[in-house]
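See structure below.
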Number of protein chains: 2
Amino acid sequence: MGNVLMGSEHLVKSAVASGVEVCFSNPGTTELPLVAALDTVPGMRAYLGLFEGVCTGAADGYGRMLGKPAMTLLHLGPGLANGISNLHNARRAGTPIFNVIGEHATWHLPSDPPLAMDIESLAKSVSGWHHTSSSVEELGGDAADAVAASLKGQIATLIVPQDHQWNKCADSGIERGKPEAFDEEPIPFERATSLLGSGGKAVLILGGTGLQKEGLLHAARIKTLTGCDLMAEPFPAHMHRGAGLPNLRRLPYFPETAIKVLGAYQVVILAGTPEPVAFFGYKGMSSSLIGDGQECLHLAGGRGVQMALRNLADALGAPASPDPGILAQLERPALPEGPLTVAHIGAVLASLQPEGAVVVDESNTSGAQYFKLSGGAPQFSLLTLTGGSLGLGPPCAVGAAVACPDRPVINLQADGSAMYTLQALWTQAREGLDVTTLICANHGYNILKVELARAGLSADGGNTAALVDLSGIDWVSIGRGLGVPSESVRTVRELAASLKRALSEDGPHLIEMLI
Amino acid sequence: MGNVLMGSEHLVKSAVASGVEVCFSNPGTTELPLVAALDTVPGMRAYLGLFEGVCTGAADGYGRMLGKPAMTLLHLGPGLANGISNLHNARRAGTPIFNVIGEHATWHLPSDPPLAMDIESLAKSVSGWHHTSSSVEELGGDAADAVAASLKGQIATLIVPQDHQWNKCADSGIERGKPEAFDEEPIPFERATSLLGSGGKAVLILGGTGLQKEGLLHAARIKTLTGCDLMAEPFPAHMHRGAGLPNLRRLPYFPETAIKVLGAYQVVILAGTPEPVAFFGYKGMSSSLIGDGQECLHLAGGRGVQMALRNLADALGAPASPDPGILAQLERPALPEGPLTVAHIGAVLASLQPEGAVVVDESNTSGAQYFKLSGGAPQFSLLTLTGGSLGLGPPCAVGAAVACPDRPVINLQADGSAMYTLQALWTQAREGLDVTTLICANHGYNILKVELARAGLSADGGNTAALVDLSGIDWVSIGRGLGVPSESVRTVRELAASLKRALSEDGPHLIEMLI
């Protein structure tokens with residue numbers, strides 16, 4: 001308690017005491033006392049990312065798997081800026097993350113040294129909680145507060161001037177930071193019961209932890225009793241899928257399709273997901289996907305959603321177990337034959353993925369068929385691109401593999417998106433993480449080609465064509481250059497053989513699928 | 001004038017009319033009307049970066065070479081966030097850049113779609129001017145205002161909701177945006193004259209455009225008359241060097257050395273550079289590098305510095321041409337023999353770089369000797385890491401090559417820094433840019449090892465060791481994977497042969513120097 005320690009040591013000690021076990025970092029000079037503290041204080045393991053987006057994406061993957069925060073340690077404003085894009089995805093996923101950003105010494109900052117910038121403005125753009133420490137004595141308490149804040153399902157960013165890190169004190173207020181209980185929002189059981197009993201066709205849209213096993217099974221109990229449909233939010237943070245679980249459709253991406261699908265229901269109940277809106281605004285279409293004549297009820301959000309689903313099922317008098325008929329049977333697609341197509345890629349993965357796999361899906365247009373084909377696979381976790389900010393996949397796979405070293409991680413990954421954070425492959429190699437990266441190499445920003453057509457804009461002009469074309473990338477060379485055994489496949493047979501081999505060996509692999 | 005055009009077309013037309021010729025972009029759905037306008041409005045050429053830090057770093061390199069802005073076109077908050085790190089370097093360089101960021105349609109944004117975030121907070125962290133457009137009618141004027149603002153030597157960021165892009169109107173106020181004249185700050189000639197004539201030993205520290213030919217030669221005239229010393233700011237944005245120019249020392253990086261060097265002077269005159277401060281704060285050292293007993297005068301800043309130097313030289317009655325004895329003679333180091341060391345790398349480059357080369361130096365610890373050795377090379381441009389934010393080099397080389405297609409560009413590049421923005425190699429390959437990248441492959445964050453030692457912190461702990469070690473990167477594979485002919489060298493002889501070959505061939509090359 002009364003140990004005289006550096007502020008950096010108080011911070012790390014407090015974080016460890018709060019349950020933080022790993023730190024994804026790319027540090028600089030202003031974080032060195034914290035780097036040293038990761039060795040002088042036991043209990044935390046550091047992982048280097050060669051670009052900060054790797055660190056934040058890894059923290060997101062880790063947090064999605066374990067429901068508790070990793071620490072990041074990033075260098076000043078530029079380091080935080082590089083991490084913001086994946087922090088944005090984490091924010092939309094509701095992932096707990098404990099960011100620590102070094103700052104110039106308090107007495108040095110007013111001289112406006114070259115690396116000085118407005119860190120607080122950057123921090124607030126993605127953080128539910130952010131704070132700049134006011135003294136060494138506060139650092140232990142600040143860290144405990146930050147971890148507690150993150151456990152509400154948000155990003156907590158602590159900015160720490162370098163002098164607070166290297167100054168010493170005896171006690172730094174570690175006792176702060178009691179996490180609040182789950183969301184206190186009242187659950188509208190009566191209204192839900194009434195709507196589900198109204199005779200109107202109803203759909204229960206699940207999101208957040210409502211898509212994990214316990215939530216899914218309670219939702220299936222409700223379906224068993226009321227006959228409502230179940231659906232998943234469009235971009236789940238961490239969804240459990242496979243045999244023995246209800247096989248949920250995801251709300252479609254394009255608004256006209258989503259509106260049509262939802263239009264079949266008089267009642268929409270949301271559990272762990274916000275009211276569905278169009279991903280982008282399109283001329284002549286509404287933002288909301290729910291019509292004026294539809295009843296829409298928000299049942300619960302955040303971390304209380306599993307409990308809310310259980311309580312609702314109980315309140316309705318649903319059976320203790322769902323009707324087995326609404327749970328997916330173990331049923332994998334047959335291995336197809338022929339060239340690699342979007343459908344064939346999905347079938348190969350769905351037919352070969354092992355039980356307990358963690359599938360990080362940032363395949364965008366190339367993964368369109370995989371979801372449908374994988375509902376009968378042995379149970380697995382699916383992590384998707386929650387915030388639409390490209391470059392989540394490879395870092396998220398790093399974090400998932402660190403969180404769950406006994407589970408195989410498979411990253412189904414679009415090539416254009418992978419280029420944003422390809423540095424993550426190096427961390428996979430350095431740490432020997434069991435990640436198989438399946439690169440969907442279509443050599444284009446195909447979603448933009450689709451969106452150009454939707455907007456009635458030509459893709460033929462020289463500038464437009466240049467801006468959607470990615471040709472000339474050799475992923476096998478890149479993967480090997482970053483230390484990951486890599487190979488390229490052109491047919492279903494080659495892919496199946498390569499994927500089987502990758503899954504049977506430890507450590508990372510990359511398979512470039514030329515489609 | 002009265003043409004009915006889409007807002008996106010008004011914007012591009014206005015930017016072209018203001019002199020903008022290139023756009024470095026990584027667009028998304030919310031920028032597609034602007035992408036289309038790059039084809040329907042003639043006059044601008046688009047270059048794709050596979051990560052936004054490539055686009056902003058390229059715009060920095062382009063602006064440093066030509067003194068006028070490139071446009072960037074980036075996707076929403078995450079796209080801007082990915083570009084901030086290199087925008088920070090550009091801000092410190094005083095580079096004009098015209099950023100355009102797409103935003104959700106005004107009527108869609110309130111629904112908080114997944115990609116929505118606080119773009120203005122991100123923009124203000126690096127922009128001297130930023131604005132969110134208020135209607136289609138304003139877009140032409142907004143673009144003209146932004147370009148004019150950028151020409152003051154700053155970043156101008158225009159955020160454009162998608163409906164403003166696709167809406168149409170006849171005239172969009174293109175007449176706005178008169179750039180202001182050069183800095184109006186009064187030049188303290190009398191005080192400068194008095195200090196230079198005081199008999200106290202004086203140094204003139206040059207920065208900004210003061211380090212380009214005209215500024216250097218007027219400074220040399222002042223030195224010829226007064227005997228003052230000349231020095232360069234530590235991290236020049238764009239410095240002219242070589243035979244026929246005064247060979248300036250750069251102010252050292254570490255504060256104790258810089259204080260010692262500056263301590264020899266009673267008078268310090270600053271032209272185009274802020275008062276020098278320590279890069280980082282160190283325990284027991286001051287931020288300022290200038291002591292209480294020293295006279296320090298700020299002569300001029302921004303774009304007025306060349307004129308201020310000429311006027312001061314004239315006012316002092318300096319000769320029209322400097323004493324030839326203070327200008328560097330053409331004198332290259334002999335090609336050394338033996339293994340690759342930091343000194344040998346510098347000697348090889350200084351002895352082989354062609355006249356008119358643009359050297360982008362982000363070599364950090366590995367380039368320590370090159371600067372000293374290259375003062376007698378044929379005249380060339382030197383661009384350095386102005387803001388300390390890693391990952392400038394490869395993108396900056398892209399922009400310099402686009403700006404000056406007839407000049408060979410050489411990127412002397414630290415490996416750790418290169419990993420931040422290695423995607424730039426792909427743009428070099430796609431565009432056939434004449435860039436030779438010399439990777440200093442020391443496989444470590446060596447500056448952090450130095451800083452750990454300075455701070456008295458151990459580098460031996462497992463976490464610390466992991467966070468400063470970069471081993472396992474094969475740059476030849478990576479370069480080839482991104483389309484750049486690449487090879488690895490271990491000796492001076494191999495490096496010289498490889499560099500000669502690269503410089504004799506068009507297009508990009510990468511040479512991994514194993515040191």
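Ordered as shown in the structure tokens, chains take letters A, B, and onward, while each chain numbers its residues from 1 and ligands are numbered from 1 in the order shown.
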
Once DSSP has gone over the backbone, tell me which residues of segment 5-166 of chain B are in strand (DSSP E), as number ranges by chain.
-> B: 5-6, 22-26, 45-48, 70-74, 97-103, 129-132, 155-161

Residue hits in chain B, query chain A, radius 6 Å, only C-alpha atoms, as a PyMOL selection string | chain B and resi 35+39+46+48+51+78+81-82+85+105+108+113-115+118+121-122+125+279+281+287+387-388+420+461+463-464+467+473-474+477-478+481-482

Please report, as a PyMOL selection string, each residue of segment 52-255 of chain A to which DSSP assigns helix (DSSP H, G or I) when run on this structure's backbone.
-> chain A and resi 52-66+76-93+109-111+119-124+136-150+162-166+189-196+208-211+213-226+255

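For the residues B:Arg501, B:His509, B:Arg407, B:His10, ranking by smallest atom-to-atom distance to Leu425 of chain B using only C-alpha atoms places B:His509 first.
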
Selection: 8 Å around Ala328 of chain B, only C-alpha atoms, excl. self and same-chain fewer than 6 positions, as an mmCIF file with C-alpha atoms, in the first residue's frame:
data_model
loop_
_atom_site.group_PDB
_atom_site.id
_atom_site.type_symbol
_atom_site.label_atom_id
_atom_site.label_comp_id
_atom_site.auth_asym_id
_atom_site.auth_seq_id
_atom_site.Cartn_x
_atom_site.Cartn_y
_atom_site.Cartn_z
ATOM 1 C CA GLY B 242 24.920 21.276 -51.815
ATOM 2 C CA ALA B 243 27.698 22.890 -53.798
ATOM 3 C CA GLY B 244 27.265 26.632 -54.210
ATOM 4 C CA LEU B 245 25.083 27.016 -51.116
ATOM 5 C CA PRO B 246 26.179 27.741 -47.559
ATOM 6 C CA ASN B 247 26.622 24.458 -45.734
ATOM 7 C CA GLY B 375 26.891 19.230 -47.764
ATOM 8 C CA GLY B 376 29.144 19.163 -50.847
#
